[in-house]
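Source file input_24.cif; content: mmCIF, C-alpha atoms.
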```
data_start
#
loop_
_atom_site.label_atom_id
_atom_site.label_comp_id
_atom_site.auth_asym_id
_atom_site.auth_seq_id
_atom_site.Cartn_x
_atom_site.Cartn_y
_atom_site.Cartn_z
CA MET A 129 -32.41 -10.32 -31.45
CA GLU A 130 -32.88 -7.74 -28.68
CA ASN A 131 -30.13 -5.55 -30.16
CA VAL A 132 -31.84 -5.55 -33.54
CA LEU A 133 -35.26 -4.72 -32.12
CA ILE A 134 -33.92 -1.90 -29.94
CA ALA A 135 -31.91 -0.48 -32.86
CA THR A 136 -34.97 -0.45 -35.13
CA VAL A 137 -37.24 1.24 -32.60
CA LEU A 138 -34.61 3.72 -31.42
CA SER A 139 -33.71 4.77 -34.96
CA PHE A 140 -37.40 5.20 -35.81
CA VAL A 141 -38.15 7.32 -32.74
CA VAL A 142 -35.08 9.59 -33.02
CA THR A 143 -35.76 10.21 -36.70
CA TYR A 144 -39.47 10.82 -36.15
CA PHE A 145 -38.86 13.60 -33.63
CA SER A 146 -35.89 15.07 -35.53
CA ILE A 147 -37.64 15.73 -38.84
CA PRO A 148 -40.10 18.44 -37.65
CA ILE A 149 -37.20 20.33 -36.08
CA LEU A 150 -35.22 20.12 -39.32
CA ILE A 151 -38.19 21.35 -41.34
CA ARG A 152 -38.43 24.39 -39.05
CA VAL A 153 -34.67 25.07 -39.28
CA ALA A 154 -34.79 24.81 -43.08
CA GLU A 155 -37.64 27.32 -43.17
CA LEU A 156 -35.79 29.76 -40.93
CA LYS A 157 -32.50 29.47 -42.85
CA HIS A 158 -34.11 29.18 -46.29
CA LEU A 159 -32.49 25.84 -47.06
CA TYR A 160 -34.69 24.61 -49.87
CA ASP A 161 -34.50 22.54 -53.01
CA GLU A 162 -35.56 24.99 -55.70
CA PRO A 163 -37.81 23.66 -58.51
CA ASP A 164 -36.60 23.79 -62.13
CA GLU A 165 -37.50 22.30 -65.50
CA ARG A 166 -36.01 18.86 -64.66
CA LYS A 167 -37.49 18.46 -61.19
CA THR A 168 -40.91 17.05 -60.49
CA HIS A 169 -41.82 19.29 -57.56
CA LYS A 170 -43.27 22.74 -58.19
CA GLN A 171 -42.55 24.41 -54.86
CA ARG A 172 -39.58 24.84 -52.53
CA ILE A 173 -39.00 21.84 -50.25
CA PRO A 174 -36.54 21.61 -47.31
CA THR A 175 -33.55 19.33 -48.05
CA LEU A 176 -32.24 18.43 -44.59
CA GLY A 177 -34.12 15.16 -44.12
CA GLY A 178 -30.95 13.08 -44.41
CA ILE A 179 -29.69 14.63 -41.18
CA GLY A 180 -32.76 13.27 -39.41
CA PHE A 181 -32.41 9.61 -40.26
CA PHE A 182 -28.61 9.83 -40.08
CA SER A 183 -29.06 10.87 -36.44
CA GLY A 184 -31.44 8.00 -35.73
CA PHE A 185 -29.29 5.50 -37.59
CA ILE A 186 -25.95 6.48 -36.06
CA ILE A 187 -27.29 6.64 -32.47
CA ALA A 188 -29.04 3.27 -32.79
CA ALA A 189 -26.01 1.61 -34.38
CA ALA A 190 -23.56 3.03 -31.83
CA ILE A 191 -25.69 1.81 -28.92
CA CYS A 192 -26.80 -1.58 -30.23
CA VAL A 193 -23.85 -2.97 -32.20
CA PRO A 194 -22.19 -5.44 -29.81
CA ALA A 195 -18.63 -4.64 -28.76
CA MET A 196 -16.24 -7.23 -30.16
CA ALA A 197 -12.49 -7.48 -30.53
CA ASN A 198 -11.17 -6.64 -34.00
CA SER A 199 -14.59 -5.41 -35.09
CA PRO A 200 -14.58 -3.24 -38.25
CA PHE A 201 -17.45 -1.17 -36.89
CA GLN A 202 -15.25 1.76 -35.83
CA TYR A 203 -14.02 2.11 -39.43
CA MET A 204 -17.58 1.96 -40.69
CA MET A 205 -18.54 4.75 -38.30
CA ALA A 206 -15.68 6.85 -39.66
CA ALA A 207 -16.88 6.20 -43.22
CA PHE A 208 -20.47 7.07 -42.33
CA PHE A 209 -19.37 10.42 -40.87
CA ILE A 210 -17.21 11.16 -43.92
CA ILE A 211 -20.11 10.58 -46.32
CA PHE A 212 -22.43 12.54 -44.02
CA MET A 213 -20.14 15.58 -44.14
CA VAL A 214 -19.79 15.31 -47.94
CA GLY A 215 -23.54 15.14 -48.43
CA MET A 216 -24.35 17.90 -45.96
CA LYS A 217 -21.89 20.32 -47.55
CA ASP A 218 -23.33 19.55 -50.97
CA ASP A 219 -26.87 20.20 -49.71
CA ILE A 220 -26.02 23.50 -48.00
CA VAL A 221 -23.36 25.21 -50.14
CA GLY A 222 -22.82 22.87 -53.09
CA LEU A 223 -19.90 20.61 -53.96
CA SER A 224 -18.22 19.79 -57.26
CA PRO A 225 -18.53 16.22 -58.63
CA LEU A 226 -14.78 15.71 -58.22
CA LYS A 227 -14.83 16.62 -54.53
CA LYS A 228 -17.86 14.38 -53.97
CA LEU A 229 -15.99 11.52 -55.64
CA ILE A 230 -12.94 12.11 -53.45
CA GLY A 231 -15.15 12.00 -50.35
CA GLN A 232 -16.75 8.75 -51.53
CA LEU A 233 -13.33 7.22 -52.16
CA ALA A 234 -12.16 8.27 -48.69
CA ALA A 235 -15.20 6.64 -47.08
CA SER A 236 -14.70 3.51 -49.18
CA PHE A 237 -11.02 3.40 -48.22
CA ALA A 238 -11.86 3.38 -44.51
CA ILE A 239 -14.04 0.30 -44.96
CA ILE A 240 -12.04 -1.57 -47.61
CA TYR A 241 -8.51 -1.06 -46.34
CA LEU A 242 -9.04 -0.55 -42.61
CA GLY A 243 -12.21 -2.60 -42.22
CA ASN A 244 -10.90 -5.37 -44.50
CA LEU A 245 -14.13 -5.72 -46.49
CA GLN A 246 -13.40 -6.75 -50.05
CA ILE A 247 -14.69 -8.84 -52.96
CA THR A 248 -12.17 -11.67 -53.27
CA SER A 249 -14.07 -14.14 -55.46
CA MET A 250 -16.63 -14.21 -58.29
CA TYR A 251 -18.06 -17.48 -56.96
CA GLY A 252 -18.17 -19.19 -60.34
CA PHE A 253 -19.45 -16.30 -62.47
CA MET A 254 -18.07 -16.87 -66.00
CA GLY A 255 -16.00 -19.68 -64.49
CA ILE A 256 -14.06 -17.23 -62.29
CA TYR A 257 -13.45 -17.88 -58.63
CA THR A 258 -10.54 -16.29 -56.70
CA LEU A 259 -9.58 -12.85 -57.98
CA PRO A 260 -6.04 -11.42 -58.17
CA PRO A 261 -5.46 -8.83 -55.41
CA ASN A 262 -5.34 -5.82 -57.76
CA ILE A 263 -8.47 -6.86 -59.64
CA SER A 264 -10.22 -7.56 -56.35
CA LEU A 265 -9.37 -4.11 -55.02
CA MET A 266 -10.50 -2.28 -58.17
CA LEU A 267 -13.75 -4.23 -58.33
CA THR A 268 -14.50 -3.44 -54.68
CA TYR A 269 -13.89 0.29 -55.11
CA PHE A 270 -15.98 0.26 -58.29
CA THR A 271 -18.84 -1.46 -56.45
CA PHE A 272 -18.76 1.08 -53.63
CA ILE A 273 -18.78 4.09 -55.97
CA VAL A 274 -21.54 2.71 -58.19
CA VAL A 275 -23.85 1.69 -55.32
CA ILE A 276 -23.32 4.99 -53.46
CA ASN A 277 -24.17 7.02 -56.56
CA ALA A 278 -27.00 4.68 -57.60
CA PHE A 279 -29.13 5.68 -54.62
CA ASN A 280 -28.19 9.31 -55.17
CA LEU A 281 -29.38 9.17 -58.79
CA ILE A 282 -32.73 7.47 -58.14
CA ASP A 283 -33.67 10.12 -55.57
CA GLY A 284 -35.93 11.98 -58.00
CA VAL A 285 -39.42 11.06 -56.80
CA ASP A 286 -41.05 11.47 -53.39
CA GLY A 287 -40.29 8.39 -51.29
CA HIS A 288 -38.43 6.58 -54.09
CA ALA A 289 -34.85 6.28 -52.81
CA GLY A 290 -36.07 5.92 -49.21
CA SER A 291 -38.47 3.08 -50.05
CA ILE A 292 -35.93 1.15 -52.13
CA GLY A 293 -33.30 1.70 -49.42
CA LEU A 294 -35.73 0.48 -46.77
CA LEU A 295 -36.49 -2.69 -48.76
CA VAL A 296 -32.83 -3.52 -49.45
CA SER A 297 -31.55 -2.81 -45.93
CA ALA A 298 -34.41 -4.79 -44.34
CA VAL A 299 -33.81 -7.82 -46.60
CA LEU A 300 -30.08 -7.82 -45.95
CA GLY A 301 -30.60 -7.16 -42.24
CA ALA A 302 -32.97 -10.14 -42.04
CA TYR A 303 -30.40 -12.36 -43.75
CA PHE A 304 -27.64 -11.30 -41.36
CA LEU A 305 -29.94 -11.83 -38.37
CA HIS A 306 -30.65 -15.36 -39.57
CA VAL A 307 -26.97 -16.26 -40.02
CA GLY A 308 -25.90 -14.66 -36.73
CA GLU A 309 -24.01 -11.61 -38.08
CA ILE A 310 -25.45 -9.30 -35.43
CA THR A 311 -23.30 -6.27 -36.26
CA TYR A 312 -24.56 -6.13 -39.83
CA ALA A 313 -28.10 -7.06 -38.79
CA VAL A 314 -28.17 -4.07 -36.44
CA ILE A 315 -26.80 -1.78 -39.16
CA GLY A 316 -29.39 -2.98 -41.66
CA PHE A 317 -32.38 -2.64 -39.34
CA ALA A 318 -31.16 0.65 -37.86
CA LEU A 319 -31.17 2.13 -41.36
CA ALA A 320 -34.53 0.52 -42.14
CA GLY A 321 -36.07 1.95 -38.96
CA GLY A 322 -34.79 5.45 -39.71
CA LEU A 323 -36.03 5.31 -43.30
CA ALA A 324 -39.46 4.03 -42.24
CA SER A 325 -39.81 7.07 -39.98
CA PHE A 326 -38.45 9.47 -42.59
CA LEU A 327 -40.91 8.21 -45.22
CA ILE A 328 -43.80 9.44 -43.08
CA TYR A 329 -42.66 12.95 -44.04
CA ASN A 330 -41.31 12.12 -47.50
CA ILE A 331 -44.09 10.12 -49.14
CA SER A 332 -45.95 12.32 -51.64
CA PRO A 333 -46.76 15.08 -51.02
CA ALA A 334 -43.30 15.41 -49.48
CA ARG A 335 -42.73 17.84 -46.64
CA ILE A 336 -38.95 17.34 -46.70
CA PHE A 337 -36.31 15.77 -48.97
CA MET A 338 -33.37 13.64 -47.84
CA GLY A 339 -30.87 15.51 -50.03
CA ASP A 340 -27.41 14.14 -50.80
CA THR A 341 -26.85 13.77 -47.05
CA GLY A 342 -29.43 11.01 -47.00
CA SER A 343 -29.04 9.39 -50.42
CA LEU A 344 -25.25 9.05 -50.15
CA LEU A 345 -25.62 7.53 -46.68
CA ILE A 346 -28.18 4.99 -47.93
CA GLY A 347 -25.83 4.08 -50.77
CA LEU A 348 -22.79 3.65 -48.52
CA VAL A 349 -24.61 1.57 -45.88
CA ASN A 350 -26.14 -0.72 -48.50
CA ALA A 351 -22.78 -1.03 -50.26
CA VAL A 352 -21.31 -2.28 -46.97
CA LEU A 353 -24.22 -4.67 -46.45
CA ILE A 354 -24.15 -6.08 -50.00
CA LEU A 355 -20.39 -6.71 -49.93
CA LYS A 356 -20.70 -8.47 -46.59
CA PHE A 357 -23.64 -10.44 -48.00
CA ILE A 358 -21.48 -11.64 -50.91
CA ASP A 359 -18.74 -12.66 -48.47
CA VAL A 360 -21.03 -14.52 -46.06
CA ALA A 361 -23.54 -16.01 -48.52
CA GLY A 362 -20.76 -17.21 -50.80
CA ASN A 363 -19.25 -19.38 -48.06
CA PRO A 364 -20.43 -22.95 -48.83
CA VAL A 365 -20.05 -24.02 -45.19
CA GLY A 366 -21.93 -21.04 -43.80
CA LYS A 367 -25.25 -21.21 -42.00
CA MET A 368 -27.24 -20.15 -45.07
CA PRO A 369 -25.07 -20.44 -48.21
CA ILE A 370 -26.52 -19.06 -51.42
CA SER A 371 -25.68 -20.29 -54.89
CA ALA A 372 -25.07 -17.68 -57.58
CA THR A 373 -24.17 -15.11 -54.92
CA PRO A 374 -23.09 -12.29 -57.31
CA ALA A 375 -26.32 -12.62 -59.32
CA VAL A 376 -28.49 -12.62 -56.20
CA ALA A 377 -26.63 -9.56 -54.88
CA PHE A 378 -27.21 -7.76 -58.20
CA ALA A 379 -30.92 -8.67 -58.09
CA ILE A 380 -31.25 -7.27 -54.55
CA LEU A 381 -30.09 -3.89 -55.90
CA ILE A 382 -31.72 -4.24 -59.32
CA VAL A 383 -33.61 -0.94 -59.52
CA PRO A 384 -30.84 1.47 -58.42
CA LEU A 385 -27.95 -0.57 -59.85
CA PHE A 386 -29.35 -1.45 -63.28
CA ASP A 387 -30.84 2.01 -63.78
CA THR A 388 -27.57 3.74 -62.94
CA LEU A 389 -25.39 1.48 -65.12
CA ARG A 390 -27.86 1.80 -68.01
CA VAL A 391 -28.03 5.60 -67.80
CA PHE A 392 -24.25 5.90 -67.51
CA ALA A 393 -23.80 3.69 -70.58
CA VAL A 394 -26.34 5.65 -72.66
CA ARG A 395 -24.76 8.99 -71.75
CA MET A 396 -21.25 7.83 -72.61
CA LEU A 397 -22.43 6.31 -75.93
CA GLN A 398 -23.89 9.74 -76.74
CA GLY A 399 -20.54 11.35 -76.00
CA ARG A 400 -21.72 13.01 -72.78
CA SER A 401 -20.44 12.86 -69.23
CA PRO A 402 -21.99 9.97 -67.26
CA PHE A 403 -22.87 12.54 -64.57
CA SER A 404 -24.68 14.92 -66.93
CA ALA A 405 -28.34 15.51 -66.13
CA ASP A 406 -31.25 14.20 -68.20
CA ARG A 407 -34.68 12.58 -67.85
CA ASN A 408 -33.81 9.00 -68.79
CA HIS A 409 -34.17 7.29 -65.43
CA ILE A 410 -36.83 4.63 -64.97
CA HIS A 411 -38.78 6.86 -62.59
CA HIS A 412 -38.89 9.53 -65.33
CA TYR A 413 -40.38 6.95 -67.71
CA LEU A 414 -43.07 6.07 -65.18
CA LEU A 415 -43.87 9.71 -64.51
CA ASP A 416 -44.17 10.40 -68.24
CA LEU A 417 -46.66 7.52 -68.42
CA LYS A 418 -48.85 9.64 -66.10
CA LEU A 419 -48.16 7.73 -62.88
CA ASN A 420 -48.03 9.96 -59.83
CA HIS A 421 -45.23 9.91 -57.27
CA ARG A 422 -46.81 7.30 -55.02
CA GLN A 423 -47.60 4.99 -57.92
CA THR A 424 -44.08 5.36 -59.33
CA THR A 425 -42.54 4.49 -55.97
CA LEU A 426 -44.90 1.56 -55.45
CA VAL A 427 -44.14 0.12 -58.91
CA SER A 428 -40.38 0.44 -58.36
CA VAL A 429 -40.52 -1.23 -54.94
CA ALA A 430 -42.74 -4.03 -56.29
CA ILE A 431 -40.34 -4.66 -59.18
CA ASN A 432 -37.32 -4.70 -56.86
CA ALA A 433 -39.06 -7.08 -54.43
CA THR A 434 -40.06 -9.38 -57.30
CA TYR A 435 -36.47 -9.60 -58.51
CA ILE A 436 -35.22 -10.35 -55.00
CA LEU A 437 -37.73 -13.16 -54.57
CA GLY A 438 -37.07 -14.52 -58.05
CA ALA A 439 -33.30 -14.52 -57.55
CA PHE A 440 -33.56 -16.50 -54.31
CA VAL A 441 -35.90 -19.00 -55.97
CA LEU A 442 -33.77 -19.39 -59.13
CA GLN A 443 -30.34 -19.37 -57.49
CA GLY A 444 -29.79 -22.96 -58.58
CA MET A 445 -29.28 -21.74 -62.17
CA GLY A 446 -25.78 -20.66 -61.29
CA ALA A 447 -24.22 -17.21 -61.14
CA THR A 448 -23.63 -16.77 -64.88
CA TRP A 449 -27.04 -17.86 -66.16
CA LEU A 450 -28.99 -16.15 -63.39
CA LEU A 451 -27.21 -12.85 -63.91
CA MET A 452 -27.85 -13.09 -67.65
CA VAL A 453 -31.56 -13.69 -66.98
CA VAL A 454 -31.72 -10.77 -64.54
CA ILE A 455 -30.00 -8.35 -66.92
CA ALA A 456 -31.91 -9.55 -70.00
CA SER A 457 -35.30 -9.29 -68.31
CA ALA A 458 -34.48 -5.86 -66.84
CA THR A 459 -33.36 -4.67 -70.29
CA PHE A 460 -36.57 -6.00 -71.88
CA PHE A 461 -38.90 -4.37 -69.35
CA THR A 462 -36.98 -1.08 -69.50
CA GLY A 463 -37.21 -1.17 -73.29
CA MET A 464 -40.96 -1.68 -73.08
CA LEU A 465 -41.24 1.30 -70.74
CA TYR A 466 -39.12 3.39 -73.09
CA LEU A 467 -41.31 2.56 -76.09
CA ALA A 468 -44.51 3.20 -74.13
CA ARG A 469 -43.16 6.54 -72.97
CA LYS A 470 -42.02 7.46 -76.48
CA LYS A 471 -45.47 6.66 -77.84
CA LYS A 472 -47.10 8.69 -75.06
CA LEU A 473 -44.94 11.73 -75.72
CA ALA A 474 -45.48 11.46 -79.48
CA VAL A 475 -49.19 12.18 -79.08
CA LYS A 476 -49.56 15.87 -79.86
CA VAL A 477 -52.59 18.05 -79.41
CA MET A 478 -53.30 19.89 -82.67
CA PRO A 479 -53.31 23.66 -82.10
CA GLU A 480 -56.56 25.49 -82.73
CA PRO A 481 -56.53 27.72 -85.83
CA VAL A 482 -56.13 31.41 -85.18
CA ILE A 483 -58.80 33.53 -86.87
CA GLN A 484 -57.49 36.94 -87.89
CA PRO A 485 -60.08 39.76 -87.74
CA ALA A 486 -60.76 41.48 -91.03
CA THR A 487 -59.63 45.09 -91.41
CA ALA A 488 -61.15 47.83 -93.48
CA THR A 489 -58.36 47.76 -96.04
CA THR A 490 -58.35 44.02 -96.45
CA ALA A 491 -62.04 43.23 -95.96
CA LYS A 492 -62.55 42.50 -99.62
CA GLU A 493 -59.46 40.31 -99.87
CA SER A 494 -60.24 38.42 -96.67
CA THR A 495 -63.85 37.65 -97.53
CA LYS A 496 -64.39 33.88 -97.76
CA ILE A 497 -67.28 31.97 -99.31
CA LEU A 498 -67.99 28.52 -97.88
CA ARG A 499 -69.73 26.29 -100.38
CA VAL A 500 -71.18 22.93 -99.52
CA THR A 501 -70.17 20.29 -102.04
CA THR A 502 -72.16 17.24 -102.95
CA GLU A 503 -69.85 15.17 -100.76
CA GLY A 504 -70.91 17.18 -97.73
CA VAL A 505 -67.48 18.76 -97.17
CA LEU A 506 -67.04 22.49 -96.71
CA GLN A 507 -64.86 23.77 -99.53
CA ASP A 508 -62.90 26.98 -99.10
CA LYS A 509 -62.95 29.14 -102.24
#
```
Would you write out, as structure tokens, the structure that this file holds?
Amino acid sequence: MENVLIATVLSFVVTYFSIPILIRVAELKHLYDEPDERKTHKQRIPTLGGIGFFSGFIIAAAICVPAMANSPFQYMMAAFFIIFMVGMKDDIVGLSPLKKLIGQLAASFAIIYLGNLQITSMYGFMGIYTLPPNISLMLTYFTFIVVINAFNLIDGVDGHAGSIGLLVSAVLGAYFLHVGEITYAVIGFALAGGLASFLIYNISPARIFMGDTGSLLIGLVNAVLILKFIDVAGNPVGKMPISATPAVAFAILIVPLFDTLRVFAVRMLQGRSPFSADRNHIHHYLLDLKLNHRQTTLVSVAINATYILGAFVLQGMGATWLLMVVIASATFFTGMLYLARKKKLAVKVMPEPVIQPATATTAKESTKILRVTTEGVLQDK
């Protein structure tokens, strides 16, 4: 418990004092996120915030994670630094999607192959339990890549990705603390502490953005935590076993995960690259419904928290039925948002008529007589 408390406070303090320095550096070096037609901000904002809470997170984790034989923590640290370098290069000089994907695969490899963290069972989902090794490996890599990019893609509103990341890491950290997995509890709360401090500067109106440095790190850390959660919670003889583990894990990440999978599917059905840019994310729907940044973030966090609570309460339904309920309800609510947004955008303001001044040559032709009819309507003649 002491390790977790120290990690949370240390990460918060280091991040809190790092951010003002990074804002000043960004101003001096002109490292800004430039506004364009797709972005919601209208002025240049520094993008180095991810470095701040990475510093707090990595220092707190390195100090407070207990030293144990055969611990995978050293491989996690390697993966965190890989993803940090990928994100920082993308923020400063830009990086192609292919190179970003290679970096994400390298970070995932360090944890999956060297750290031996892998999805080996579906825990009864669709009647499937133990997975073949090749299927298990592909599913694990797929999970890492999707979760990493999910947090990157929802980082479009002030405080959005940070708040969702804070909620998810705190929930998973609390679970690991309860079951005695101190290493993962420290990692979860160290990230939560850093994000809590970062949000002081990132909640609308934002003074700094996390950039890819921050969003990719949040995705990777939560991918590690969610895979470990599936492994620990799915053990029926564990301290706190959870039925329907895959469905509960999906519900914990419902906002970033469902939104990303939905947007990817829509883009591919339209014949476009899944990484092409558009305004079809849930936070875009909420913004188009005239919610401001704070309201959009609050609604997203409230929805995510509701799904987490509901999944824990309804876990007795079983993995298959619970996951179907989660996906069906998320699809329904997203559809309602889409229709409301479509209706909102369909309302057009009629342009005012332009009155052309009469000229000397056309005065006679342009003269109009307005006659009042018996119905009380002005008739143009």
Item checked: Cut-off 12 Å around (-26.7, -11.8, -54.9) with only C-alpha atoms: residues as a PyMOL selection string -> chain A and resi 250-251+253+296+299-300+303+353-362+369-382+435-443+446-448+450-451+454
message: Applying the PyMOL selection byres ((chain A and resi 298) around 12) to the file I just gave you, which residues come out? Please list them as a ChimeraX atom specification.
response: /A:132,136,290-297,299-305,312-324,349-350,353-354,380,433
Atom CA of A:Gly184 sits from atom CA of A:Phe201 at a separation of 16.8 Å
Give me the stretch 230-341 of chain A side of the contact with stretch 416-425 of chain A, cut-off 10 Å, one line per residue showing its nearest atom pair and distance in Å at one decimal, counting only C-alpha atoms, sorted by chain and residue number, as a tab-separated table.
```
residue	atom	partner	partner_atom	distance
A:Gly284	CA	A:His421	CA	9.6
A:Val285	CA	A:His421	CA	5.9
A:Asp286	CA	A:His421	CA	5.9
A:Gly287	CA	A:Thr425	CA	6.5
A:His288	CA	A:Thr425	CA	5.0
A:Ala289	CA	A:Thr425	CA	8.5
A:Gly290	CA	A:Thr425	CA	9.5
A:Ser291	CA	A:Thr425	CA	7.3
A:Ile292	CA	A:Thr425	CA	8.3
A:Ile331	CA	A:Arg422	CA	7.1
A:Ser332	CA	A:Arg422	CA	6.1
A:Pro333	CA	A:His421	CA	8.3
A:Ala334	CA	A:His421	CA	9.7
```
What are the closest atom pairs, with distances in Å to one decimal, for each residue of stretch 318-429 of chain A lying within 10 Å of stretch 217-221 of chain A, using all atoms listed in the file, rows by chain and rising residue number, as a Markdown table?
```
| residue | atom | partner | partner_atom | distance |
| --- | --- | --- | --- | --- |
| A:Met338 | CA | A:Asp219 | CA | 9.4 |
| A:Gly339 | CA | A:Asp219 | CA | 6.2 |
| A:Asp340 | CA | A:Asp219 | CA | 6.2 |
| A:Thr341 | CA | A:Asp219 | CA | 7.0 |
| A:Gly342 | CA | A:Asp219 | CA | 9.9 |
```
Original post:
atom CA of A:Thr388 to atom CA of A:Leu265: how many Å, to one decimal?
Top reply: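 Separation of atom CA of A:Thr388 and atom CA of A:Leu265: 21.3 Å.
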Q: Let me know the residues the PyMOL selection byres ((chain A and resi 461-471) around 12) catches in the file above, as number ranges by chain.
A: A: 382-383, 386-387, 390-391, 407-419, 428, 431, 454-460, 472-476
**Message:** Using the chain letters and numbers from this file, what does the PyMOL selection byres ((chain A and resi 211) around 10) select? Give the answer as a PyMOL selection string.
**Reply:** chain A and resi 206-210+212-217+228+231-236+276+340-348
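Between A:Met196 and the candidates A:Met266, A:Ile310, A:Gly444, A:Leu229, the tightest atom-to-atom separation, counting all atoms listed in the file, involves A:Ile310.
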- Using atom CA of A:Ile147 and atom CA of A:Gly178 as the two end points, give the distance in Å to one decimal.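 Computed distance, atom CA of A:Ile147 to atom CA of A:Gly178, equals 9.1 Å.
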A:Pro261 environment, 12 Å, all atoms listed in the file, sequence neighbours closer than 5 positions dropped, as a count of residues only
7
Nearest to A:Phe181 among A:Tyr203, A:Tyr257, A:Tyr329, A:Tyr160, with distances taken over all atoms listed in the file: which residue is it?
->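 Distance minimum relative to A:Phe181 lands on A:Tyr329.
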Nearest to A:Asn277 among A:Leu245, A:Ala135, A:Val307, A:Ala351, with distances taken over all atoms listed in the file: which residue is it?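 With all atoms listed in the file as the atom set, the closest residue is A:Ala351.
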Min atom-atom distance to A:Pro384 from the set A:Phe337, A:Phe326, A:Phe279, A:Tyr269, counting only C-alpha atoms, belongs to A:Phe279
Near A:Ala405, counting only C-alpha atoms, which residues have an atom at most 10 Å away, once you skip same-chain residues fewer than 3 positions from it, shown as a list in words?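 Here the answer would be Arg166, Leu281, Arg395, Arg400, Ser401, Pro402 and Asn408 of chain A.
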Could you save the residues just selected, with C-alpha atoms, as a PDB file, in the frame of the given file?
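Written file, again.pdb:
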```
ATOM      1  CA  ARG A 166     -36.010  18.860 -64.660  1.00  0.00           C
ATOM      2  CA  LEU A 281     -29.380   9.170 -58.790  1.00  0.00           C
ATOM      3  CA  ARG A 395     -24.760   8.990 -71.750  1.00  0.00           C
ATOM      4  CA  ARG A 400     -21.720  13.010 -72.780  1.00  0.00           C
ATOM      5  CA  SER A 401     -20.440  12.860 -69.230  1.00  0.00           C
ATOM      6  CA  PRO A 402     -21.990   9.970 -67.260  1.00  0.00           C
ATOM      7  CA  ASN A 408     -33.810   9.000 -68.790  1.00  0.00           C
TER       8      ASN A 408
END
```
